[in-house]
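Asks: Structure incoming, see below.
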Amino acid sequence: MENAAARVLKLNDLFQITGWQHQLPWQPFQTGVEIYRLYGDGKTGPTAALLRFRPGGRVPLHEHTGYEHIFMLAGSQVDENSRAETGSLIINPPGTSHSILSETGCIVLAIYEKPVKFLSPPNP
């Protein structure tokens with residue numbers, strides 16, 4: 001018997017996402033940032049999502065309670081530690097904190113082991 005909740009998700013040509021990003025049902029996440037959840041709810045357990053930053057989009061200061069993996073698919077972003085460009089992989093270990101800004105816009109694949117803890121109020 002097939003489990004309807006367990007479906008395989010396959011996204012092709014992730015480095016070409018700027019060409020097909022409008023096919024995804026993005027949801028508001030933070031100021032200038034939208035999210036498309038691949039799995040998880042972002043409140044409990046592991047989560048994977050695509051995040052689309054508009055120019056000037058930002059995520060406020062937050063702490064990682066588990067590992068976070070960020071794979072830059074398009075564009076660039078900066079935080080207190082570094083600047084990341086297309087093709088970069090960033091791994092933030094538990095206990096690290098940062099805020100994020102994309103000056104020109106970007107799309108990232110974010111995989112979280114555990115939910116993040118916002119240290120300043122999330123933006124609407």
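Labeling convention for the structure tokens: chains A, B, ... as they appear, residues from 1 per chain, ligands from 1 in order of appearance.
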Name the residues in contact with range 78-80 of chain A at a cut-off of 9 Å, using only C-alpha atoms, excluding same-chain residues fewer than 5 positions from it; report them as an MDAnalysis selection string.

Replies: chainID A and resid 85 97:103

Asks: Can you pull out every residue within 12 Å of Tyr39 in chain A, counting only C-alpha atoms, but drop anything in the same chain fewer than 4 positions away, and send it as a short mmCIF file (atom, residue, chain, number, x, y, z; two decimals) with C-alpha atoms, in the first residue's frame?

Replies:
```cif
data_model
loop_
_atom_site.label_atom_id
_atom_site.label_comp_id
_atom_site.auth_asym_id
_atom_site.auth_seq_id
_atom_site.Cartn_x
_atom_site.Cartn_y
_atom_site.Cartn_z
CA ALA A 5 2.37 11.41 2.55
CA ALA A 6 5.68 9.93 1.35
CA ARG A 7 6.22 11.17 -2.19
CA VAL A 8 9.46 11.56 -4.05
CA LEU A 9 10.27 15.16 -4.93
CA ILE A 35 10.12 30.37 0.84
CA LYS A 43 9.07 24.69 13.63
CA THR A 44 9.93 21.10 14.55
CA GLY A 45 12.46 18.61 13.21
CA PRO A 46 14.47 18.84 10.01
CA THR A 47 13.48 21.16 7.17
CA ALA A 48 14.60 21.77 3.60
CA ALA A 49 13.47 24.76 1.58
CA LEU A 50 14.29 27.03 -1.28
CA LEU A 109 18.71 25.67 -1.00
CA ALA A 110 18.59 25.60 2.81
CA ILE A 111 18.66 22.34 4.78
CA TYR A 112 18.21 22.61 8.55
CA GLU A 113 18.77 19.79 11.03
#
```

Asks: Calculate how many Å separate CA of His62 in chain A from CA of Pro25 in chain A, rounding to one decimal.

Replies: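 Rounded to one decimal, the two atoms are 25.1 Å apart.
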
Asks: Measuring atom to atom with only C-alpha atoms, identify which of A:Ser120, A:Thr31, A:Thr96, A:Asn12 is nearest to Leu51 in chain A.

Replies: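 Answer, going by the shortest atom-to-atom distance: A:Thr31.
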
Asks: When you look at Val33 in chain A with a cut-off of 7 Å (counting only C-alpha atoms), what residues show up, excluding the ones that are within fewer than 6 positions of it in the same chain? I need them as a list in words.

Replies: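 Final neighbour list, sorted by chain and number: Leu51, Arg52, Phe53, Arg54, Gly57 and Arg58 of chain A.
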
Asks: I'd like the neighbourhood of range 71-73 of chain A as a count of residues only, where a residue qualifies if any of its atoms comes within 9 Å (using only C-alpha atoms), though same-chain residues fewer than 4 positions away should be ignored.

Replies: 20

Asks: In range 17-69 of chain A, what's alpha helix (DSSP H) per DSSP? Answer as number ranges by chain?

Replies: A: 17-20

Asks: Name the residues in contact with Lys117 in chain A at a cut-off of 9 Å, using only C-alpha atoms, excluding same-chain residues fewer than 4 positions from it; report them as number ranges by chain.

Replies: A: 61-65

Asks: Among the residues of range 64-118 of chain A, find those DSSP assigns to strand (DSSP E or B) from the backbone and print them as JSON, numbers by chain.

Replies: {"A": [64, 68, 69, 70, 71, 72, 73, 74, 75, 76, 77, 78, 83, 84, 85, 89, 90, 91, 92, 97, 98, 99, 100, 101, 102, 106, 107, 108, 109, 110, 111, 112, 116, 117, 118]}

Asks: Rounded to one decimal place, report the CA of Val59 in chain A-CA of Gln21 in chain A distance in Å.

Replies: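 Taking CA of Val59 in chain A as the start and CA of Gln21 in chain A as the end point, the length is 20.0 Å.
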